[in-house]
$ cat upload35.txt   # compact mmCIF, C-alpha atoms
# COMPACT_ATOMS: atom_id res chain seq x y z
CA MET H 27 -33.50 15.44 -10.77
CA THR H 28 -31.09 17.75 -12.61
CA ILE H 29 -28.24 17.26 -10.16
CA ALA H 30 -28.66 13.48 -10.23
CA ILE H 31 -28.44 13.46 -14.03
CA LEU H 32 -25.50 15.88 -14.01
CA ILE H 33 -23.39 13.91 -11.53
CA SER H 34 -24.39 10.48 -12.84
CA ALA H 35 -23.57 11.35 -16.46
CA PHE H 36 -20.28 12.94 -15.43
CA LEU H 37 -19.16 9.94 -13.36
CA LEU H 38 -20.31 7.44 -15.96
CA LEU H 39 -18.33 9.16 -18.70
CA LEU H 40 -15.30 9.60 -16.44
CA PHE H 41 -15.12 5.98 -15.33
CA THR H 42 -15.54 4.73 -18.90
CA GLY H 43 -12.33 6.52 -19.88
CA VAL H 44 -13.71 9.70 -21.45
CA PRO H 45 -11.26 12.64 -20.99
CA ILE H 46 -12.17 14.87 -18.08
CA ALA H 47 -13.13 17.89 -20.22
CA TRP H 48 -15.62 15.88 -22.29
CA ALA H 49 -16.96 14.16 -19.18
CA ILE H 50 -17.76 17.57 -17.67
CA ALA H 51 -19.32 18.80 -20.92
CA GLY H 52 -21.26 15.54 -21.34
CA GLY H 53 -22.69 15.85 -17.84
CA SER H 54 -23.88 19.39 -18.57
CA ILE H 55 -25.46 18.36 -21.89
CA ALA H 56 -27.28 15.45 -20.25
CA ALA H 57 -28.57 17.69 -17.45
CA LEU H 58 -29.86 20.26 -19.94
CA ALA H 59 -31.47 17.62 -22.16
CA PHE H 60 -33.18 15.57 -19.45
CA GLY H 61 -33.23 17.74 -16.33
CA ASP H 62 -35.53 20.40 -14.94
CA PHE H 63 -33.80 23.30 -16.71
CA PRO H 64 -34.73 23.05 -20.40
CA MET H 65 -32.13 25.41 -21.83
CA PRO H 66 -31.06 25.45 -25.50
CA LEU H 67 -27.65 24.06 -26.38
CA ALA H 68 -26.74 27.55 -27.62
CA TRP H 69 -26.71 28.59 -23.94
CA LEU H 70 -24.15 25.87 -23.24
CA ALA H 71 -21.94 27.18 -26.05
CA GLN H 72 -22.23 30.75 -24.75
CA GLN H 73 -21.36 29.76 -21.19
CA THR H 74 -18.43 27.62 -22.38
CA LEU H 75 -17.03 30.56 -24.33
CA ARG H 76 -17.45 32.80 -21.28
CA GLY H 77 -15.46 30.31 -19.20
CA ALA H 78 -12.37 30.93 -21.28
CA ASP H 79 -12.97 34.66 -21.73
CA THR H 80 -11.26 35.89 -18.56
CA THR H 81 -8.34 38.30 -18.70
CA SER H 82 -6.60 36.69 -15.72
CA LEU H 83 -6.32 33.41 -17.63
CA ILE H 84 -3.90 35.06 -20.07
CA ALA H 85 -1.27 34.58 -17.36
CA ILE H 86 -1.43 30.79 -17.70
CA PRO H 87 0.14 30.42 -21.17
CA LEU H 88 2.64 33.19 -20.44
CA PHE H 89 3.86 31.69 -17.15
CA LEU H 90 4.07 28.26 -18.78
CA PHE H 91 5.98 29.73 -21.72
CA ALA H 92 8.39 31.51 -19.35
CA GLY H 93 8.96 28.23 -17.53
CA GLU H 94 9.67 26.43 -20.79
CA LEU H 95 12.17 29.11 -21.80
CA MET H 96 13.98 28.90 -18.47
CA ASN H 97 13.98 25.11 -18.70
CA ARG H 98 15.64 25.21 -22.12
CA GLY H 99 18.04 27.93 -20.96
CA GLY H 100 20.06 25.64 -18.68
CA LEU H 101 18.62 26.71 -15.33
CA THR H 102 18.29 23.41 -13.52
CA HIS H 103 21.95 22.43 -13.45
CA ARG H 104 23.00 25.83 -12.11
CA ILE H 105 20.41 25.76 -9.33
CA MET H 106 21.39 22.19 -8.44
CA HIS H 107 25.08 23.08 -8.08
CA VAL H 108 24.27 25.86 -5.60
CA ALA H 109 22.02 23.54 -3.59
CA GLU H 110 24.72 20.86 -3.59
CA HIS H 111 27.22 23.28 -2.03
CA ILE H 112 24.75 24.04 0.78
CA PHE H 113 23.20 20.63 1.49
CA GLY H 114 25.42 18.04 -0.18
CA ARG H 115 27.57 17.36 2.88
CA PHE H 116 24.65 16.20 5.01
CA ARG H 117 24.01 12.47 5.22
CA GLY H 118 21.63 11.78 2.35
CA GLY H 119 22.35 15.31 1.19
CA LEU H 120 21.39 14.79 -2.45
CA GLY H 121 17.83 14.21 -1.26
CA LEU H 122 17.92 17.70 0.24
CA VAL H 123 19.52 19.03 -2.94
CA ASN H 124 16.63 17.48 -4.89
CA VAL H 125 14.07 19.32 -2.73
CA ALA H 126 15.98 22.61 -2.87
CA THR H 127 16.27 22.41 -6.65
CA ALA H 128 12.54 21.71 -7.00
CA PHE H 129 11.76 24.58 -4.61
CA VAL H 130 13.63 27.16 -6.69
CA TYR H 131 12.67 25.64 -10.01
CA GLY H 132 9.01 25.43 -8.95
CA GLY H 133 9.00 29.19 -8.66
CA LEU H 134 10.15 29.40 -12.28
CA THR H 135 7.69 27.01 -13.94
CA GLY H 136 4.63 27.23 -11.69
CA SER H 137 3.69 23.74 -12.89
CA ALA H 138 4.13 20.57 -10.81
CA THR H 139 4.37 18.25 -13.81
CA ALA H 140 6.95 20.38 -15.62
CA ASP H 141 8.95 20.81 -12.42
CA THR H 142 8.92 17.08 -11.63
CA SER H 143 9.84 16.04 -15.15
CA THR H 144 12.78 18.43 -15.44
CA VAL H 145 14.21 17.80 -11.97
CA ALA H 146 13.77 14.03 -12.41
CA LYS H 147 15.80 13.99 -15.62
CA VAL H 148 18.66 15.79 -13.88
CA MET H 149 18.59 14.48 -10.30
CA ILE H 150 17.60 10.81 -10.53
CA PRO H 151 20.59 9.74 -12.69
CA ILE H 152 22.98 11.77 -10.49
CA MET H 153 21.57 10.33 -7.25
CA GLU H 154 21.72 6.78 -8.58
CA LYS H 155 25.31 7.31 -9.74
CA LYS H 156 26.24 8.51 -6.24
CA GLY H 157 24.82 5.35 -4.63
CA TYR H 158 21.25 6.33 -3.73
CA PRO H 159 18.49 3.71 -4.22
CA ARG H 160 16.57 4.38 -7.40
CA ASP H 161 13.19 4.08 -5.67
CA PHE H 162 14.16 6.71 -3.06
CA SER H 163 15.49 9.06 -5.74
CA ALA H 164 12.23 8.76 -7.67
CA ALA H 165 10.10 9.17 -4.53
CA VAL H 166 11.76 12.34 -3.24
CA THR H 167 11.51 13.82 -6.75
CA ALA H 168 7.79 12.99 -7.01
CA ALA H 169 7.09 14.59 -3.62
CA SER H 170 9.24 17.70 -4.08
CA GLY H 171 7.67 18.26 -7.51
CA THR H 172 4.52 19.49 -5.75
CA LEU H 173 6.41 22.58 -4.58
CA GLY H 174 5.79 23.96 -8.07
CA ILE H 175 2.10 24.48 -7.31
CA VAL H 176 2.72 26.32 -4.03
CA VAL H 177 5.76 28.52 -4.69
CA PRO H 178 4.73 31.59 -6.71
CA PRO H 179 4.04 32.00 -9.54
CA SER H 180 1.68 29.03 -9.42
CA VAL H 181 -0.78 28.16 -12.17
CA ILE H 182 -3.00 26.31 -9.69
CA LEU H 183 -3.16 29.30 -7.32
CA LEU H 184 -3.97 31.43 -10.35
CA LEU H 185 -6.84 29.08 -11.23
CA TYR H 186 -8.08 29.18 -7.63
CA GLY H 187 -8.03 32.98 -7.71
CA VAL H 188 -10.06 33.10 -10.92
CA ILE H 189 -12.59 30.50 -9.73
CA THR H 190 -13.16 32.03 -6.28
CA ASN H 191 -12.60 35.69 -7.19
CA THR H 192 -9.64 35.92 -4.80
CA SER H 193 -6.72 38.30 -5.34
CA ILE H 194 -4.10 36.40 -7.38
CA GLY H 195 -1.32 38.66 -6.14
CA GLY H 196 -2.45 38.03 -2.57
CA LEU H 197 -2.48 34.27 -3.18
CA PHE H 198 1.05 34.39 -4.61
CA VAL H 199 2.26 36.28 -1.54
CA ALA H 200 0.37 33.90 0.77
CA GLY H 201 2.09 30.93 -0.89
CA VAL H 202 5.62 32.02 0.08
CA ILE H 203 5.63 30.80 3.71
CA PRO H 204 3.70 27.53 3.02
CA GLY H 205 6.07 26.82 0.14
CA CYS H 206 9.08 27.28 2.43
CA LEU H 207 7.37 25.20 5.12
CA LEU H 208 6.66 22.30 2.75
CA ALA H 209 10.24 22.40 1.46
CA VAL H 210 11.59 22.25 5.02
CA VAL H 211 9.45 19.26 6.05
CA PHE H 212 10.43 17.43 2.86
CA MET H 213 14.10 18.16 3.56
CA LEU H 214 13.82 16.93 7.14
CA THR H 215 12.11 13.77 5.89
CA ALA H 216 14.80 13.14 3.27
CA TRP H 217 17.55 13.81 5.85
CA TYR H 218 15.99 11.44 8.39
CA ILE H 219 15.75 8.66 5.81
CA GLY H 220 19.32 9.36 4.71
CA VAL H 221 20.65 9.07 8.26
CA ARG H 222 18.59 5.97 9.04
CA GLU H 223 19.73 4.15 5.90
CA ASN H 224 23.25 5.58 5.87
CA PHE H 225 23.00 7.19 2.45
CA PRO H 226 26.20 8.75 1.06
CA LYS H 227 27.18 12.40 1.28
CA VAL H 228 29.41 14.63 -0.81
CA ALA H 229 33.08 14.13 0.04
CA GLY H 230 35.50 16.96 0.72
CA LYS H 231 35.27 20.26 2.55
CA PHE H 232 33.04 23.20 1.75
CA GLU H 233 34.85 25.53 -0.66
CA PHE H 234 33.58 29.06 -0.42
CA ALA H 235 35.24 30.14 -3.67
CA ALA H 236 33.46 27.41 -5.66
CA PHE H 237 30.17 28.18 -3.93
CA ARG H 238 30.51 31.90 -4.67
CA ARG H 239 31.27 31.16 -8.34
CA ASP H 240 28.27 28.84 -8.78
CA PHE H 241 26.01 31.14 -6.77
CA TRP H 242 26.71 34.15 -9.01
CA ARG H 243 26.20 32.01 -12.10
CA ALA H 244 22.79 30.82 -10.84
CA LEU H 245 21.67 34.12 -9.32
CA PRO H 246 19.83 35.46 -12.41
CA ALA H 247 17.87 32.21 -12.59
CA MET H 248 17.02 32.20 -8.89
CA CYS H 249 15.90 35.84 -9.03
CA MET H 250 13.05 35.25 -11.46
CA PRO H 251 10.41 34.38 -8.79
CA VAL H 252 11.60 37.34 -6.70
CA PHE H 253 11.39 39.60 -9.75
CA VAL H 254 7.87 38.48 -10.64
CA LEU H 255 6.49 38.56 -7.10
CA GLY H 256 8.26 41.82 -6.30
CA ALA H 257 6.74 43.53 -9.34
CA ILE H 258 3.26 42.44 -8.24
CA VAL H 259 3.72 43.41 -4.58
CA ALA H 260 5.20 46.80 -5.50
CA GLY H 261 2.10 47.54 -7.55
CA PHE H 262 3.97 48.00 -10.81
CA VAL H 263 2.04 45.23 -12.57
CA THR H 264 -0.91 42.93 -12.13
CA ALA H 265 -0.44 39.15 -12.00
CA THR H 266 -1.36 38.96 -15.70
CA GLU H 267 1.12 41.67 -16.67
CA ALA H 268 3.77 39.98 -14.49
CA SER H 269 3.46 36.84 -16.60
CA ALA H 270 4.49 38.89 -19.67
CA LEU H 271 7.43 40.28 -17.69
CA ALA H 272 8.41 36.72 -16.79
CA VAL H 273 8.61 35.82 -20.48
CA ILE H 274 10.82 38.84 -21.22
CA TYR H 275 13.03 38.00 -18.22
CA ALA H 276 13.37 34.38 -19.36
CA LEU H 277 14.33 35.48 -22.89
CA VAL H 278 16.95 37.90 -21.61
CA VAL H 279 18.47 35.55 -19.02
CA GLY H 280 18.38 32.37 -21.10
CA GLY H 281 19.25 33.96 -24.44
CA LEU H 282 21.55 36.88 -23.66
CA TYR H 283 23.07 36.11 -20.27
CA TYR H 284 23.48 32.32 -20.30
CA ARG H 285 23.44 32.09 -24.12
CA GLU H 286 21.91 28.61 -23.96
CA LEU H 287 18.54 29.60 -25.39
CA SER H 288 18.56 29.80 -29.17
CA TRP H 289 15.94 30.78 -31.72
CA ARG H 290 15.45 27.09 -32.50
CA ASP H 291 14.22 26.56 -28.93
CA LEU H 292 11.37 29.04 -29.24
CA ILE H 293 9.06 27.00 -31.46
CA PRO H 294 9.25 23.80 -29.31
CA ALA H 295 8.72 25.97 -26.20
CA VAL H 296 5.65 27.57 -27.77
CA ILE H 297 4.23 24.20 -28.83
CA GLU H 298 4.69 22.72 -25.34
CA SER H 299 3.16 25.78 -23.67
CA VAL H 300 0.18 25.81 -26.04
CA ALA H 301 -0.46 22.11 -25.43
CA LEU H 302 -0.41 22.57 -21.64
CA THR H 303 -2.54 25.71 -21.88
CA GLY H 304 -5.11 23.97 -24.07
CA SER H 305 -5.58 21.15 -21.57
CA VAL H 306 -6.22 23.68 -18.79
CA MET H 307 -8.34 26.18 -20.71
CA ILE H 308 -10.76 23.68 -22.18
CA ILE H 309 -11.50 22.36 -18.71
CA MET H 310 -11.96 25.91 -17.40
CA ALA H 311 -14.34 26.63 -20.27
CA VAL H 312 -16.63 23.61 -19.89
CA ALA H 313 -16.57 23.94 -16.08
CA VAL H 314 -18.56 27.20 -16.20
CA PRO H 315 -21.93 25.70 -17.29
CA PHE H 316 -21.22 22.70 -15.06
CA GLY H 317 -20.68 25.04 -12.10
CA TRP H 318 -23.78 27.06 -12.96
CA LEU H 319 -25.91 23.93 -12.86
CA LEU H 320 -24.42 22.98 -9.50
CA THR H 321 -25.22 26.46 -8.18
CA VAL H 322 -28.83 26.68 -9.39
CA THR H 323 -29.52 23.24 -7.94
CA GLN H 324 -28.16 24.61 -4.62
CA VAL H 325 -25.48 21.94 -4.22
CA PRO H 326 -23.04 24.31 -2.41
CA HIS H 327 -25.83 25.50 -0.12
CA LEU H 328 -27.04 21.98 0.65
CA ALA H 329 -23.49 20.75 1.28
CA ALA H 330 -22.80 23.69 3.60
CA ALA H 331 -26.09 23.12 5.43
CA TRP H 332 -25.32 19.43 5.87
CA ILE H 333 -21.83 20.00 7.27
CA GLY H 334 -23.10 22.91 9.38
CA GLY H 335 -25.83 20.67 10.77
CA LEU H 336 -23.17 18.37 12.17
CA HIS H 337 -22.11 21.18 14.56
CA ALA H 338 -18.61 19.85 14.19
CA GLY H 339 -16.65 23.05 14.75
CA PRO H 340 -14.20 24.80 12.39
CA VAL H 341 -11.33 22.30 12.61
CA VAL H 342 -13.50 19.21 12.05
CA THR H 343 -15.32 21.00 9.23
CA MET H 344 -12.01 21.71 7.50
CA LEU H 345 -10.91 18.12 8.08
CA LEU H 346 -14.09 16.92 6.34
CA VAL H 347 -13.36 19.26 3.44
CA ILE H 348 -9.76 17.96 3.27
CA LEU H 349 -11.00 14.37 3.38
CA LEU H 350 -13.26 15.00 0.39
CA LEU H 351 -10.43 16.74 -1.47
CA LYS H 352 -8.11 13.86 -0.70
CA VAL H 353 -10.59 11.21 -1.84
CA VAL H 354 -11.25 13.09 -5.06
CA GLY H 355 -7.50 13.57 -5.49
CA PHE H 356 -7.08 9.81 -5.66
CA TRP H 357 -8.75 9.66 -9.09
CA LEU H 358 -9.07 13.21 -10.44
CA ASP H 359 -6.20 15.42 -11.58
CA LEU H 360 -5.39 18.54 -9.60
CA GLY H 361 -6.72 21.19 -12.02
CA PRO H 362 -10.12 19.58 -12.71
CA ALA H 363 -10.55 18.77 -9.00
CA MET H 364 -9.93 22.42 -8.10
CA ILE H 365 -12.31 23.65 -10.80
CA ILE H 366 -15.12 21.29 -9.76
CA LEU H 367 -14.78 21.32 -5.98
CA ALA H 368 -13.71 24.89 -5.16
CA PRO H 369 -17.16 26.45 -5.88
CA ILE H 370 -18.74 23.84 -3.57
CA LEU H 371 -16.25 23.61 -0.72
CA VAL H 372 -14.83 27.14 -0.44
CA PRO H 373 -18.14 28.61 0.86
CA ILE H 374 -18.23 25.84 3.48
CA ALA H 375 -14.69 26.61 4.64
CA LYS H 376 -15.46 30.35 4.73
CA THR H 377 -18.57 29.72 6.82
CA ALA H 378 -16.37 27.78 9.26
CA GLY H 379 -14.28 30.93 9.73
CA PHE H 380 -11.24 30.30 7.55
CA ASP H 381 -9.52 33.07 5.58
CA PRO H 382 -9.69 32.92 1.73
CA TYR H 383 -5.89 32.78 1.42
CA GLN H 384 -5.70 30.08 4.08
CA ILE H 385 -8.36 28.06 2.26
CA GLY H 386 -6.58 28.45 -1.07
CA LEU H 387 -3.27 27.16 0.25
CA ILE H 388 -4.89 24.28 2.17
CA PHE H 389 -6.77 23.31 -1.00
CA THR H 390 -3.60 23.51 -3.07
CA LEU H 391 -1.47 21.45 -0.69
CA THR H 392 -4.20 18.83 -0.27
CA LEU H 393 -4.76 18.39 -4.00
CA GLY H 394 -1.00 18.46 -4.56
CA TRP H 395 -0.83 15.56 -2.11
CA GLY H 396 -2.77 13.59 -4.70
CA LEU H 397 -0.04 14.16 -7.28
CA PHE H 398 2.16 11.62 -5.51
CA THR H 399 -0.58 9.32 -4.22
CA PRO H 400 -1.42 6.08 -6.08
CA PRO H 401 -3.21 4.97 -8.16
CA ILE H 402 -3.35 8.05 -10.43
CA GLY H 403 -0.69 10.36 -8.99
CA THR H 404 0.73 12.16 -12.03
CA ASN H 405 4.12 12.81 -10.46
CA ILE H 406 4.58 9.11 -9.70
CA PHE H 407 4.12 8.17 -13.36
CA VAL H 408 6.54 10.94 -14.41
CA VAL H 409 9.36 9.77 -12.12
CA CYS H 410 8.73 6.08 -12.81
CA ASN H 411 9.02 6.76 -16.52
CA VAL H 412 12.32 8.63 -16.05
CA ALA H 413 13.77 6.13 -13.55
CA LYS H 414 12.50 3.05 -15.41
CA ILE H 415 11.04 1.58 -12.22
CA ASP H 416 7.68 0.09 -11.15
CA ILE H 417 5.16 2.14 -9.20
CA GLY H 418 5.14 -0.23 -6.17
CA PRO H 419 8.65 0.45 -4.75
CA VAL H 420 8.27 4.20 -5.34
CA SER H 421 4.87 4.24 -3.59
CA ARG H 422 6.34 2.56 -0.52
CA ARG H 423 9.15 5.10 -0.41
CA LEU H 424 6.59 7.92 -0.60
CA ILE H 425 4.84 7.01 2.67
CA PRO H 426 7.06 9.27 4.87
CA PHE H 427 6.45 12.17 2.47
CA TRP H 428 2.68 11.63 2.75
CA PHE H 429 2.95 12.10 6.51
CA ALA H 430 5.18 15.13 6.00
CA THR H 431 2.56 16.73 3.75
CA ALA H 432 -0.20 15.95 6.26
CA PHE H 433 1.89 17.67 8.96
CA ALA H 434 2.34 20.77 6.78
CA ILE H 435 -1.41 20.94 6.08
CA ALA H 436 -2.17 20.60 9.79
CA LEU H 437 0.12 23.55 10.54
CA LEU H 438 -1.77 25.67 7.99
CA ILE H 439 -5.06 24.78 9.68
CA PHE H 440 -3.98 25.55 13.24
CA PHE H 441 -1.77 28.57 12.47
CA PRO H 442 -3.64 30.94 10.12
CA SER H 443 -0.79 33.45 10.30
CA LEU H 444 1.30 31.16 8.10
CA THR H 445 -0.90 32.18 5.17
CA GLY H 446 -2.35 35.45 6.45
CA TRP H 447 0.55 37.40 7.95
CA LEU H 448 2.51 38.18 4.79
CA PRO H 449 -0.51 39.27 2.66
CA LYS H 450 -1.73 41.45 5.53
CA THR H 451 1.73 42.98 5.98
CA LEU H 452 1.95 43.81 2.28
CA GLY H 453 -1.56 45.25 2.10
CA TYR H 454 -3.59 42.43 0.46
$ encode --input "upload35.txt" --output "structure tokens"
Amino acid sequence: MTIAILISAFLLLLFTGVPIAWAIAGGSIAALAFGDFPMPLAWLAQQTLRGADTTSLIAIPLFLFAGELMNRGGLTHRIMHVAEHIFGRFRGGLGLVNVATAFVYGGLTGSATADTSTVAKVMIPIMEKKGYPRDFSAAVTAASGTLGIVVPPSVILLLYGVITNTSIGGLFVAGVIPGCLLAVVFMLTAWYIGVRENFPKVAGKFEFAAFRRDFWRALPAMCMPVFVLGAIVAGFVTATEASALAVIYALVVGGLYYRELSWRDLIPAVIESVALTGSVMIIMAVAVPFGWLLTVTQVPHLAAAWIGGLHAGPVVTMLLVILLLKVVGFWLDLGPAMIILAPILVPIAKTAGFDPYQIGLIFTLTLGWGLFTPPIGTNIFVVCNVAKIDIGPVSRRLIPFWFATAFAIALLIFFPSLTGWLPKTLGY
């Protein structure tokens, strides 16, 4: 009775256009008011407050603030120039440059939307000016923008760690190889399309002197993910403390080294970070009583028993989990989907024999897949807004990148060492 009311009220509110946070809260209120657990509304308020009262969540606004500071400090152009030296002379090389820029920049922001928006504003006009189709430029940007949720530091991996009580430092380390893997398959996809359609390439010979100059200029920016992850792995700081170090690093590099970050940039950066943090934290807060109601009504247990009763084997079990994540990803944003589904599906995946880090990265890649999948893929709307193009042509161009993502996820399923080797080597 309670679970039926909870889910029905949540879906009804969601499909009538109520924001996701209030749909979750409304479902919980309806379940308490009309279900089998007559709890006072004061309990709901207490549980909601507890949902936001987690020390690890402090890292979210700090990482987002650090990303905003680096964004306003002129990072993207410097990273792009280095990538252009390396990949620009391949056929369709600016597509590879786009992916490489998003890969490095994703490690600075930790946010797919911020990464996509910033790279789109820089790369799409340049690619179009060089003769690349606008729909392809938008598509490769939308796909490569998902690297920001895999490459550490990642806000989504941080959320997963908090929700499932998994080591955040271990998750960051585990995300390194999958992040590189996803970048490589995206690059190969962009290169193949470039060769097939005879896209242009950068003229002239490789000039080592120019590359060395641009590399040294961009090196402080590119070192930020290494600095943050290295501090965590070395045991000097926790993931939360590392987020504060990231802010200090961004202030020093953007303000003192590059001298492109001024005091006037701080207030807009704070406002943007607070807005993004608020949208995440309020969902985290209201998800706690929602998750408690799911747990006491034994939804995770029943779901695990049902899938276990199929005797499908580990791989098929994970494929069923991925299918559910993918279906939900069609209409629910990445953060809320992770918050709602992780408590239900992670125990199922663990029962099937998968490692917590492996599960976390498979979840992240699968939900990130939804960011560039119609009809509600956030990254698609971001790039379409920047490129001034309809969603249809971009969606058609994204089909090869969907298959590329599916291939990367399959590799994570069949080769656990891709997510497990590095954390094990470093003692996580």
$ residues_around --input "upload35.txt" --residues "segment 415-424 of chain H" --least-positions-apart "3" --cutoff "6 Å" --atoms "all atoms listed in the file" --output "NGL selection string"
:H and (161-162 or 165 or 410 or 427)
$ residues_around --input "upload35.txt" --residues "segment 390-406 of chain H" --least-positions-apart "4" --cutoff "8 Å" --atoms "all atoms listed in the file" --output "number ranges by chain"
H: 138-139, 142, 164-165, 168-169, 171-172, 175-176, 182-183, 348, 351-352, 355-360, 363-364, 386, 410, 417, 420-421, 424, 428, 431, 435
$ residues_around --input "upload35.txt" --residues "Met310 of chain H" --least-positions-apart "5" --cutoff "10 Å" --atoms "all atoms listed in the file" --output "tab-separated table (two decimals) with C-alpha atoms, in the frame of the given file"
chain	number	residue	atom	x	y	z
H	47	ALA	CA	-13.13	17.89	-20.22
H	74	THR	CA	-18.43	27.62	-22.38
H	75	LEU	CA	-17.03	30.56	-24.33
H	76	ARG	CA	-17.45	32.80	-21.28
H	77	GLY	CA	-15.46	30.31	-19.20
H	78	ALA	CA	-12.37	30.93	-21.28
H	79	ASP	CA	-12.97	34.66	-21.73
H	83	LEU	CA	-6.32	33.41	-17.63
H	185	LEU	CA	-6.84	29.08	-11.23
H	188	VAL	CA	-10.06	33.10	-10.92
H	189	ILE	CA	-12.59	30.50	-9.73
H	304	GLY	CA	-5.11	23.97	-24.07
H	305	SER	CA	-5.58	21.15	-21.57
H	315	PRO	CA	-21.93	25.70	-17.29
H	361	GLY	CA	-6.72	21.19	-12.02
H	362	PRO	CA	-10.12	19.58	-12.71
H	365	ILE	CA	-12.31	23.65	-10.80
H	366	ILE	CA	-15.12	21.29	-9.76
$ atom_distance --input "upload35.txt" --atom1 "atom CA of Pro45 of chain H" --atom2 "atom CA of Ile33 of chain H"
15.4 Å
$ closest_residue --input "upload35.txt" --among "H:Phe212, H:Val278, H:Thr144, H:Ala313" --to "Ile50 of chain H" --atoms "all atoms listed in the file"
H:Ala313
$ residues_near_point --input "upload35.txt" --point "(19.7, 30.5, -7.7)" --cutoff "10 Å" --atoms "all atoms listed in the file" --output "PyMOL selection string"
chain H and resi 101-102+104-109+126-127+130-131+240-250
$ residues_near_point --input "upload35.txt" --point "(6.5, 28.2, 2.8)" --cutoff "10 Å" --atoms "all atoms listed in the file" --output "list in words"
Phe129, Leu173, Val176, Val177, Ala200, Gly201, Val202, Ile203, Pro204, Gly205, Cys206, Leu207, Leu208, Ala209, Val210, Val211, Ala434, Leu444 and Thr445 of chain H
$ atom_distance --input "upload35.txt" --atom1 "atom CA of Thr323 of chain H" --atom2 "atom CA of Thr192 of chain H"
23.8 Å
$ atom_distance --input "upload35.txt" --atom1 "atom CA of Ala430 of chain H" --atom2 "atom CA of Lys156 of chain H"
25.2 Å
$ residues_around --input "upload35.txt" --residues "Phe89 of chain H" --least-positions-apart "5" --cutoff "12 Å" --atoms "only C-alpha atoms" --output "ChimeraX atom specification"
/H:82-84,94-96,132-137,140,178-182,184,250-251,254,265-276,295-296,299-300,302-303
$ closest_residue --input "upload35.txt" --among "H:Phe429, H:Phe316, H:Phe253, H:Trp447" --to "Gln73 of chain H" --atoms "all atoms listed in the file"
H:Phe316
$ residues_around --input "upload35.txt" --residues "Leu122 of chain H" --least-positions-apart "4" --cutoff "7 Å" --atoms "all atoms listed in the file" --output "JSON, numbers by chain"
{"H": [113, 126, 213, 216, 217]}
$ closest_residue --input "upload35.txt" --among "H:Ile308, H:Ala68, H:Leu58, H:Ala85" --to "Gly187 of chain H" --atoms "only C-alpha atoms"
H:Ala85
